[in-house]
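coords_20.cif follows (mmCIF, C-alpha atoms):
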data_upload
loop_
_atom_site.label_atom_id
_atom_site.label_comp_id
_atom_site.auth_asym_id
_atom_site.auth_seq_id
_atom_site.Cartn_x
_atom_site.Cartn_y
_atom_site.Cartn_z
CA MET A 24 -9.19 -15.42 -26.28
CA ALA A 25 -7.65 -18.03 -24.00
CA GLN A 26 -9.50 -21.32 -23.54
CA PRO A 27 -11.89 -21.66 -20.60
CA ILE A 28 -10.77 -23.79 -17.66
CA GLU A 29 -12.75 -27.03 -17.50
CA PHE A 30 -13.96 -27.77 -13.97
CA TYR A 31 -15.34 -31.27 -13.35
CA PHE A 32 -17.07 -32.03 -10.07
CA ASP A 33 -19.57 -34.34 -8.42
CA PHE A 34 -22.31 -32.78 -6.30
CA SER A 35 -21.55 -35.35 -3.58
CA SER A 36 -17.85 -34.40 -3.36
CA PRO A 37 -16.70 -32.18 -0.47
CA TYR A 38 -13.46 -31.33 -2.28
CA GLY A 39 -15.54 -30.40 -5.33
CA TYR A 40 -17.53 -28.02 -3.12
CA PHE A 41 -14.35 -26.38 -1.79
CA ALA A 42 -12.96 -25.98 -5.30
CA SER A 43 -16.25 -24.57 -6.62
CA ALA A 44 -15.94 -21.67 -4.20
CA LYS A 45 -12.46 -20.74 -5.48
CA ILE A 46 -11.98 -21.66 -9.13
CA ASP A 47 -13.83 -18.73 -10.71
CA GLU A 48 -11.86 -16.11 -8.76
CA ILE A 49 -8.58 -17.85 -9.64
CA ALA A 50 -9.60 -17.91 -13.30
CA ALA A 51 -10.70 -14.27 -13.24
CA ARG A 52 -7.27 -13.18 -11.98
CA HIS A 53 -5.89 -14.59 -15.23
CA ASP A 54 -8.67 -13.38 -17.54
CA ARG A 55 -10.08 -16.85 -17.88
CA THR A 56 -13.58 -18.20 -17.65
CA VAL A 57 -14.58 -21.54 -16.17
CA GLU A 58 -16.85 -24.20 -17.64
CA TRP A 59 -18.55 -26.12 -14.86
CA ARG A 60 -19.29 -29.77 -15.66
CA PRO A 61 -20.98 -31.94 -13.05
CA ILE A 62 -20.19 -35.63 -13.43
CA LEU A 63 -21.22 -38.85 -11.70
CA LEU A 64 -18.28 -40.34 -9.82
CA GLY A 65 -20.27 -43.53 -9.27
CA ALA A 66 -20.04 -44.30 -12.99
CA ILE A 67 -16.31 -43.50 -13.02
CA PHE A 68 -15.61 -45.60 -9.90
CA LYS A 69 -16.94 -48.62 -11.82
CA LEU A 70 -13.96 -48.20 -14.15
CA THR A 71 -11.33 -47.31 -11.58
CA GLY A 72 -12.42 -49.47 -8.65
CA GLY A 73 -12.72 -46.29 -6.61
CA ALA A 74 -15.11 -45.81 -3.71
CA PRO A 75 -16.47 -42.89 -1.70
CA LEU A 76 -13.61 -41.84 0.61
CA PRO A 77 -15.43 -42.17 3.95
CA ASN A 78 -16.17 -45.84 3.17
CA ILE A 79 -12.49 -46.81 2.80
CA PRO A 80 -10.72 -48.28 5.86
CA LEU A 81 -8.11 -45.89 7.38
CA LYS A 82 -8.55 -43.40 4.52
CA GLY A 83 -12.15 -42.88 5.62
CA GLU A 84 -11.26 -41.58 9.07
CA TYR A 85 -8.57 -39.33 7.64
CA SER A 86 -10.84 -37.93 4.97
CA LYS A 87 -13.62 -37.06 7.41
CA HIS A 88 -11.06 -35.18 9.50
CA ASP A 89 -9.58 -33.57 6.39
CA PHE A 90 -12.96 -32.38 5.05
CA VAL A 91 -13.48 -30.31 8.20
CA ARG A 92 -9.88 -29.10 8.33
CA SER A 93 -9.96 -28.17 4.62
CA ALA A 94 -13.22 -26.26 5.08
CA ARG A 95 -11.54 -24.19 7.81
CA LEU A 96 -8.53 -23.58 5.57
CA PHE A 97 -10.78 -22.48 2.69
CA ASN A 98 -12.90 -20.51 5.15
CA LEU A 99 -16.12 -22.17 4.00
CA PRO A 100 -19.11 -23.32 6.02
CA PHE A 101 -19.23 -27.11 6.28
CA ARG A 102 -21.00 -29.83 8.16
CA PHE A 103 -20.65 -33.44 7.20
CA PRO A 104 -24.02 -34.39 5.64
CA SER A 105 -26.13 -36.86 7.61
CA THR A 106 -26.71 -38.79 4.36
CA PHE A 107 -23.44 -39.34 2.51
CA PRO A 108 -22.61 -40.05 -0.23
CA ILE A 109 -25.72 -39.23 -2.23
CA SER A 110 -26.66 -39.83 -5.85
CA SER A 111 -25.87 -36.74 -7.89
CA LEU A 112 -28.23 -37.66 -10.70
CA ILE A 113 -31.00 -35.13 -10.04
CA PRO A 114 -28.88 -32.05 -9.28
CA SER A 115 -26.61 -32.86 -12.25
CA ARG A 116 -29.50 -33.17 -14.68
CA ALA A 117 -31.01 -30.00 -13.24
CA PHE A 118 -27.71 -28.19 -13.77
CA TYR A 119 -27.45 -29.16 -17.45
CA TRP A 120 -31.09 -28.28 -18.09
CA LEU A 121 -30.52 -24.79 -16.74
CA GLN A 122 -27.09 -24.51 -18.33
CA GLU A 123 -28.67 -24.88 -21.78
CA ARG A 124 -30.85 -21.88 -20.94
CA ASP A 125 -28.61 -19.63 -18.84
CA PRO A 126 -25.01 -20.75 -18.21
CA GLN A 127 -24.31 -18.05 -15.60
CA GLN A 128 -27.45 -18.85 -13.62
CA ALA A 129 -26.59 -22.55 -13.83
CA LYS A 130 -23.31 -21.84 -12.03
CA ALA A 131 -25.10 -19.87 -9.32
CA PHE A 132 -27.56 -22.76 -9.01
CA ALA A 133 -24.71 -25.27 -8.61
CA ALA A 134 -23.20 -23.09 -5.90
CA GLN A 135 -26.57 -23.02 -4.09
CA LEU A 136 -26.92 -26.79 -4.39
CA TYR A 137 -23.44 -27.34 -2.97
CA HIS A 138 -24.11 -24.91 -0.13
CA ALA A 139 -27.40 -26.60 0.71
CA PHE A 140 -25.78 -30.04 0.84
CA PHE A 141 -22.52 -29.24 2.62
CA ALA A 142 -23.45 -26.28 4.80
CA GLU A 143 -27.12 -26.92 5.57
CA ASP A 144 -27.39 -30.70 5.37
CA VAL A 145 -30.12 -30.63 2.72
CA ASP A 146 -30.24 -33.89 0.75
CA ILE A 147 -30.08 -32.55 -2.81
CA SER A 148 -30.47 -36.05 -4.27
CA LYS A 149 -34.17 -35.62 -3.48
CA LEU A 150 -36.14 -34.00 -6.28
CA GLU A 151 -38.23 -31.82 -3.98
CA ASN A 152 -35.12 -30.31 -2.38
CA THR A 153 -33.44 -29.50 -5.68
CA LEU A 154 -36.71 -27.98 -6.93
CA ALA A 155 -37.08 -25.92 -3.75
CA ILE A 156 -33.61 -24.43 -4.24
CA ALA A 157 -34.45 -23.62 -7.87
CA THR A 158 -37.62 -21.88 -6.70
CA THR A 159 -35.69 -19.58 -4.34
CA MET A 160 -33.75 -18.45 -7.43
CA GLY A 161 -36.91 -17.53 -9.29
CA LEU A 162 -36.98 -20.62 -11.49
CA SER A 163 -40.14 -22.54 -12.24
CA ALA A 164 -40.18 -25.84 -10.35
CA ALA A 165 -42.64 -27.25 -12.89
CA ASP A 166 -40.41 -26.37 -15.86
CA LEU A 167 -37.33 -27.76 -14.12
CA GLU A 168 -39.05 -31.00 -13.13
CA ALA A 169 -40.30 -31.48 -16.69
CA GLY A 170 -36.83 -30.67 -18.01
CA ILE A 171 -35.07 -33.17 -15.75
CA ASN A 172 -37.29 -35.92 -17.07
CA THR A 173 -36.72 -35.36 -20.78
CA PRO A 174 -34.72 -38.02 -22.64
CA ALA A 175 -32.54 -35.20 -24.02
CA ILE A 176 -31.31 -34.15 -20.54
CA LYS A 177 -30.79 -37.73 -19.40
CA GLU A 178 -28.71 -38.28 -22.54
CA ARG A 179 -26.83 -35.02 -22.04
CA LEU A 180 -25.64 -36.08 -18.59
CA LYS A 181 -24.60 -39.52 -19.86
CA ASP A 182 -22.69 -37.87 -22.70
CA GLU A 183 -20.96 -35.46 -20.31
CA VAL A 184 -19.84 -38.30 -18.04
CA GLN A 185 -18.53 -40.27 -21.01
CA ALA A 186 -16.76 -37.22 -22.41
CA ALA A 187 -15.13 -36.65 -19.01
CA ILE A 188 -13.96 -40.28 -18.87
CA ASP A 189 -12.59 -39.94 -22.40
CA LYS A 190 -10.53 -36.98 -21.19
CA GLY A 191 -9.19 -39.00 -18.25
CA VAL A 192 -11.28 -37.48 -15.46
CA PHE A 193 -11.28 -39.89 -12.50
CA GLY A 194 -12.08 -37.72 -9.48
CA SER A 195 -13.63 -34.52 -8.16
CA PRO A 196 -12.56 -31.79 -8.48
CA TYR A 197 -10.65 -32.18 -11.71
CA PHE A 198 -9.42 -29.25 -13.77
CA ILE A 199 -8.14 -29.01 -17.31
CA VAL A 200 -6.13 -25.89 -18.10
CA ASP A 201 -5.02 -25.77 -21.74
CA SER A 202 -4.90 -29.59 -21.90
CA GLU A 203 -3.06 -29.83 -18.57
CA PRO A 204 -4.97 -31.91 -15.98
CA PHE A 205 -5.03 -31.28 -12.22
CA HIS A 206 -6.86 -33.39 -9.65
CA GLY A 207 -7.90 -32.24 -6.21
CA SER A 208 -8.76 -29.10 -4.30
CA ASP A 209 -5.21 -29.22 -2.92
CA ARG A 210 -3.95 -28.57 -6.45
CA LEU A 211 -5.63 -25.16 -6.82
CA ASP A 212 -2.25 -23.56 -6.08
CA GLN A 213 -0.76 -25.49 -8.98
CA VAL A 214 -3.66 -24.47 -11.23
CA GLU A 215 -2.90 -20.86 -10.40
CA LYS A 216 0.84 -21.33 -10.89
CA TRP A 217 0.19 -22.94 -14.28
CA LEU A 218 -2.02 -20.01 -15.29
CA THR A 219 0.67 -17.57 -14.15
CA THR A 220 3.68 -19.25 -15.71
CA GLY A 221 2.22 -21.26 -18.58
CA GLY A 222 3.77 -24.41 -17.13
CA TRP A 223 6.98 -25.57 -15.50
CA MET B 12 11.54 -29.86 23.17
CA ALA B 13 8.83 -30.15 20.59
CA GLN B 14 7.91 -33.61 19.30
CA PRO B 15 9.62 -34.91 16.16
CA ILE B 16 7.58 -35.00 12.96
CA GLU B 17 6.76 -38.57 11.96
CA PHE B 18 7.41 -39.21 8.26
CA TYR B 19 6.03 -42.47 6.83
CA PHE B 20 7.02 -43.52 3.34
CA ASP B 21 7.34 -46.50 1.04
CA PHE B 22 10.57 -46.88 -0.93
CA SER B 23 8.47 -47.58 -4.04
CA SER B 24 6.50 -44.32 -3.76
CA PRO B 25 7.46 -41.39 -6.02
CA TYR B 26 5.58 -38.94 -3.82
CA GLY B 27 7.45 -40.36 -0.82
CA TYR B 28 10.70 -39.64 -2.67
CA PHE B 29 9.69 -36.04 -3.35
CA ALA B 30 8.67 -35.51 0.27
CA SER B 31 11.89 -37.09 1.57
CA ALA B 32 13.88 -34.37 -0.17
CA LYS B 33 11.92 -31.58 1.56
CA ILE B 34 10.63 -32.62 4.97
CA ASP B 35 13.86 -32.19 6.96
CA GLU B 36 14.42 -28.63 5.74
CA ILE B 37 10.80 -27.74 6.53
CA ALA B 38 11.17 -29.24 10.01
CA ALA B 39 14.50 -27.47 10.60
CA ARG B 40 12.91 -24.08 9.88
CA HIS B 41 10.66 -24.76 12.86
CA ASP B 42 13.29 -26.32 15.14
CA ARG B 43 11.87 -29.77 14.65
CA THR B 44 13.47 -33.08 13.86
CA VAL B 45 11.98 -35.78 11.65
CA GLU B 46 11.64 -39.49 12.34
CA TRP B 47 11.76 -41.44 9.08
CA ARG B 48 9.71 -44.62 9.07
CA PRO B 49 9.63 -46.76 5.94
CA ILE B 50 6.48 -48.86 5.61
CA LEU B 51 5.12 -51.44 3.18
CA LEU B 52 2.15 -50.04 1.29
CA GLY B 53 1.41 -53.52 -0.07
CA ALA B 54 0.42 -54.64 3.42
CA ILE B 55 -1.71 -51.52 3.93
CA PHE B 56 -3.42 -51.85 0.53
CA LYS B 57 -4.71 -55.25 1.67
CA LEU B 58 -6.75 -53.37 4.28
CA THR B 59 -7.79 -50.41 2.17
CA GLY B 60 -8.28 -52.06 -1.22
CA GLY B 61 -5.69 -49.63 -2.58
CA ALA B 62 -3.41 -50.38 -5.52
CA PRO B 63 -0.24 -48.88 -6.99
CA LEU B 64 -1.35 -45.71 -8.79
CA PRO B 65 -0.02 -46.53 -12.27
CA ASN B 66 -2.09 -49.74 -12.33
CA ILE B 67 -5.41 -47.94 -11.84
CA PRO B 68 -7.44 -47.11 -14.99
CA LEU B 69 -7.52 -43.35 -15.76
CA LYS B 70 -5.72 -42.50 -12.50
CA GLY B 71 -2.69 -44.41 -13.77
CA GLU B 72 -2.15 -42.18 -16.79
CA TYR B 73 -2.63 -39.06 -14.73
CA SER B 74 -0.26 -40.22 -12.01
CA LYS B 75 2.53 -41.04 -14.45
CA HIS B 76 2.17 -37.54 -15.89
CA ASP B 77 1.97 -36.03 -12.42
CA PHE B 78 5.11 -37.81 -11.14
CA VAL B 79 7.18 -36.11 -13.82
CA ARG B 80 5.45 -32.76 -13.40
CA SER B 81 5.84 -32.91 -9.60
CA ALA B 82 9.55 -33.76 -9.94
CA ARG B 83 9.99 -30.62 -12.04
CA LEU B 84 8.08 -28.57 -9.49
CA PHE B 85 10.21 -29.94 -6.62
CA ASN B 86 13.28 -29.53 -8.80
CA LEU B 87 14.35 -33.15 -8.29
CA PRO B 88 15.87 -35.60 -10.75
CA PHE B 89 13.35 -38.25 -11.79
CA ARG B 90 12.89 -40.97 -14.33
CA PHE B 91 10.07 -43.43 -14.11
CA PRO B 92 11.68 -46.74 -13.06
CA SER B 93 11.66 -49.51 -15.66
CA THR B 94 10.45 -51.90 -12.93
CA PHE B 95 7.57 -50.40 -10.96
CA PRO B 96 6.26 -50.88 -8.37
CA ILE B 97 8.89 -52.87 -6.50
CA SER B 98 8.85 -54.70 -3.20
CA SER B 99 10.24 -52.42 -0.50
CA LEU B 100 11.07 -55.26 1.87
CA ILE B 101 14.86 -55.28 1.52
CA PRO B 102 15.54 -51.54 1.57
CA SER B 103 13.10 -51.12 4.49
CA ARG B 104 14.77 -53.85 6.56
CA ALA B 105 18.17 -52.41 5.67
CA PHE B 106 17.01 -48.98 6.84
CA TYR B 107 15.83 -50.22 10.24
CA TRP B 108 19.00 -52.27 10.75
CA LEU B 109 21.10 -49.17 10.20
CA GLN B 110 18.72 -46.93 12.09
CA GLU B 111 19.29 -48.96 15.27
CA ARG B 112 23.01 -48.24 14.87
CA ASP B 113 23.14 -44.71 13.45
CA PRO B 114 19.85 -42.85 12.91
CA GLN B 115 21.44 -39.97 10.98
CA GLN B 116 23.28 -42.28 8.62
CA ALA B 117 20.10 -44.30 8.14
CA LYS B 118 18.38 -41.16 6.80
CA ALA B 119 21.25 -40.49 4.42
CA PHE B 120 21.03 -44.14 3.32
CA ALA B 121 17.30 -43.82 2.64
CA ALA B 122 17.96 -40.70 0.57
CA GLN B 123 20.58 -42.62 -1.45
CA LEU B 124 18.20 -45.53 -1.97
CA TYR B 125 15.43 -43.22 -3.17
CA HIS B 126 17.82 -41.42 -5.49
CA ALA B 127 19.09 -44.70 -6.93
CA PHE B 128 15.56 -45.93 -7.63
CA PHE B 129 13.93 -42.76 -8.93
CA ALA B 130 16.82 -40.90 -10.53
CA GLU B 131 19.09 -43.74 -11.73
CA ASP B 132 16.62 -46.58 -12.33
CA VAL B 133 18.41 -48.96 -9.94
CA ASP B 134 16.07 -51.70 -8.71
CA ILE B 135 16.58 -51.40 -4.95
CA SER B 136 14.31 -54.37 -4.27
CA LYS B 137 17.34 -56.48 -5.26
CA LEU B 138 19.64 -57.29 -2.35
CA GLU B 139 22.84 -56.75 -4.33
CA ASN B 140 21.77 -53.24 -5.33
CA THR B 141 20.87 -52.20 -1.80
CA LEU B 142 24.16 -53.65 -0.54
CA ALA B 143 26.13 -51.83 -3.24
CA ILE B 144 24.62 -48.50 -2.19
CA ALA B 145 25.49 -49.26 1.45
CA THR B 146 29.06 -50.01 0.42
CA THR B 147 29.46 -46.61 -1.26
CA MET B 148 28.58 -45.12 2.13
CA GLY B 149 31.35 -47.05 3.86
CA LEU B 150 29.06 -49.67 5.39
CA SER B 151 29.93 -53.34 5.47
CA ALA B 152 27.85 -55.27 2.95
CA ALA B 153 28.42 -58.48 4.93
CA ASP B 154 27.18 -56.92 8.19
CA LEU B 155 24.16 -55.39 6.47
CA GLU B 156 23.24 -58.63 4.69
CA ALA B 157 23.49 -60.56 7.95
CA GLY B 158 21.47 -57.85 9.72
CA ILE B 159 18.67 -57.90 7.15
CA ASN B 160 18.23 -61.62 7.68
CA THR B 161 17.89 -61.59 11.46
CA PRO B 162 14.48 -62.42 12.89
CA ALA B 163 14.73 -59.25 14.99
CA ILE B 164 14.89 -56.97 11.93
CA LYS B 165 12.13 -58.87 10.15
CA GLU B 166 10.01 -58.44 13.26
CA ARG B 167 10.96 -54.79 13.59
CA LEU B 168 9.64 -53.98 10.11
CA LYS B 169 6.42 -55.91 10.73
CA ASP B 170 5.94 -54.00 13.99
CA GLU B 171 6.58 -50.66 12.29
CA VAL B 172 3.99 -51.40 9.60
CA GLN B 173 1.45 -52.46 12.21
CA ALA B 174 2.17 -49.40 14.34
CA ALA B 175 1.68 -47.20 11.28
CA ILE B 176 -1.65 -48.88 10.50
CA ASP B 177 -2.70 -48.41 14.13
CA LYS B 178 -2.01 -44.68 13.72
CA GLY B 179 -4.13 -44.55 10.56
CA VAL B 180 -1.35 -44.37 7.96
CA PHE B 181 -2.77 -45.44 4.58
CA GLY B 182 -0.44 -43.90 2.01
CA SER B 183 2.98 -42.47 1.25
CA PRO B 184 4.09 -39.90 2.20
CA TYR B 185 2.18 -39.49 5.44
CA PHE B 186 3.16 -37.04 8.16
CA ILE B 187 2.10 -36.72 11.76
CA VAL B 188 2.76 -33.32 13.33
CA ASP B 189 1.75 -33.22 17.01
CA SER B 190 -0.99 -35.83 16.39
CA GLU B 191 -2.19 -34.02 13.25
CA PRO B 192 -2.05 -36.26 10.13
CA PHE B 193 -1.27 -35.09 6.59
CA HIS B 194 -1.21 -37.29 3.50
CA GLY B 195 0.63 -36.53 0.30
CA SER B 196 3.59 -34.56 -0.99
CA ASP B 197 1.08 -31.90 -2.07
CA ARG B 198 0.33 -31.30 1.61
CA LEU B 199 3.86 -30.18 2.53
CA ASP B 200 2.62 -26.58 2.42
CA GLN B 201 -0.03 -27.48 4.97
CA VAL B 202 2.55 -29.24 7.15
CA GLU B 203 4.59 -26.05 7.14
CA LYS B 204 1.54 -23.89 7.81
CA TRP B 205 0.60 -26.13 10.74
CA LEU B 206 4.14 -25.85 12.15
CA THR B 207 3.98 -22.08 11.76
CA THR B 208 0.53 -21.47 13.18
CA GLY B 209 -0.05 -24.45 15.45
CA GLY B 210 -3.23 -25.26 13.53
CA TRP B 211 -6.21 -23.51 11.98
#

Output the file's structure in the form of structure tokens.
Amino acid sequence: MAQPIEFYFDFSSPYGYFASAKIDEIAARHDRTVEWRPILLGAIFKLTGGAPLPNIPLKGEYSKHDFVRSARLFNLPFRFPSTFPISSLIPSRAFYWLQERDPQQAKAFAAQLYHAFFAEDVDISKLENTLAIATTMGLSAADLEAGINTPAIKERLKDEVQAAIDKGVFGSPYFIVDSEPFHGSDRLDQVEKWLTTGGW
Amino acid sequence: MAQPIEFYFDFSSPYGYFASAKIDEIAARHDRTVEWRPILLGAIFKLTGGAPLPNIPLKGEYSKHDFVRSARLFNLPFRFPSTFPISSLIPSRAFYWLQERDPQQAKAFAAQLYHAFFAEDVDISKLENTLAIATTMGLSAADLEAGINTPAIKERLKDEVQAAIDKGVFGSPYFIVDSEPFHGSDRLDQVEKWLTTGGW
């Protein structure tokens, strides 16, 4: 069985959202599965000196234009969130809590969280909003809230971020295909080419 | 007549080199010409807080791997220069001096400079190396050296960098197609799609 594709993303990353809508179908065409791993870019930016794109002079204007243009290209609903960037701490912890219980449902949950933030302007950094989305999926808000607050889940997220850094992950989305790293939603074509050809 | 495509690049940028080898043939397929405009990323990084990719933690390792992988994908000769990054001041001034005399030859000169730096590890920041490349093209080294040192050419390059900043250029390569900006050699497909469709 071929290795799963590792898919790293931050819940506050528009390009991560675009990639999340495409990576599983690309993988499926090549009989691969995808492991979704939310990370906290804020922690990584402390190492790299990075910053949220819209806050960077010149690059900020371009990126806001490019988010909208990319959404049209990917044919995905998008509106620039009224609060941006947000802390991804709560949705990321919620993801890993659910992932330990039901990996497939955790992916569907991540997709719902992304959709809420980037298509419906719901601030998913707020606990009540993340819980409300979980509830629409039939999850228990009380269980999820308790889960998010356990030391084990807090530690899990920290460990995931550190493991991502150790593998060289510096942005969102970031893919690892059989040890080969790719950064950016504009590299999905290369991910697919790599899966098709085994490299070039 | 449709507007020329504006192509901004820094002589020290590997992705600019890759794009320089492709943009004219893409433009020609759509009956367009390309205006080549070397810029100085160092000046732009002062505004954006940017840095040469290989110097950035995590991103540096990835980018060095990606330069080589991208060169293979574009089918272009590449070896990572032993001195990197370099100042692009001399080759950029030399380009604009020649461009005022013979725009087509200036493009060919830029292609030679890029090839020397990224395929043959010639440090084109050094005056004697840039002059030697000009000489192989039948240009007068004495005329070029004198031209590079005129206040008019120094001013011309400053003006070009400022004009690029005023248009929002923050990286290399950067393309403007009928007012639509695209950043990165991995966006050449989108440049071509835009030329084909007129936008999406």

Spatial neighbours of Ser74 (chain B), max dist 7 Å, all atoms listed in the file, sep filter under 3 positions, as an mmCIF file with C-alpha atoms, in the frame of the given file:
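The file below, out_14.cif, is the result:
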data_model
loop_
_atom_site.group_PDB
_atom_site.id
_atom_site.type_symbol
_atom_site.label_atom_id
_atom_site.label_comp_id
_atom_site.auth_asym_id
_atom_site.auth_seq_id
_atom_site.Cartn_x
_atom_site.Cartn_y
_atom_site.Cartn_z
ATOM 1 C CA LEU B 64 -1.350 -45.710 -8.790
ATOM 2 C CA PRO B 65 -0.020 -46.530 -12.270
ATOM 3 C CA LYS B 70 -5.720 -42.500 -12.500
ATOM 4 C CA GLY B 71 -2.690 -44.410 -13.770
ATOM 5 C CA ASP B 77 1.970 -36.030 -12.420
ATOM 6 C CA PHE B 78 5.110 -37.810 -11.140
#

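Each of A:Gln213, A:Thr173, A:Thr158, A:Ser110 was checked against chain B using only C-alpha atoms; the smallest atom-to-atom distance is that of A:Gln213.
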
| request: Tell me which residues the PyMOL selection byres ((chain A) within 10 of (chain B)) grabs here, as a ChimeraX atom specification. | output: /A:67-68,70-74,78-86,88-89,92-93,95-96,188-194,203-207,209-210,212-213,222-223

| Best match for closeness to Asp170 (chain B) among B:Arg104, B:Phe95, B:Tyr26, B:Gly149, counting all atoms listed in the file | B:Arg104

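A straight line drawn from CA of Thr44 (chain B) to CA of Gln14 (chain B) is 7.8 Å long.
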
| request: With a distance cut-off of 8 Å and only C-alpha atoms, select the neighbouring residues of Ile164 (chain B), excluding the residue or stretch itself and same-chain residues fewer than 3 positions from it, and output the selection as a ChimeraX atom specification. | output: /B:104,107-108,158-161,167-168
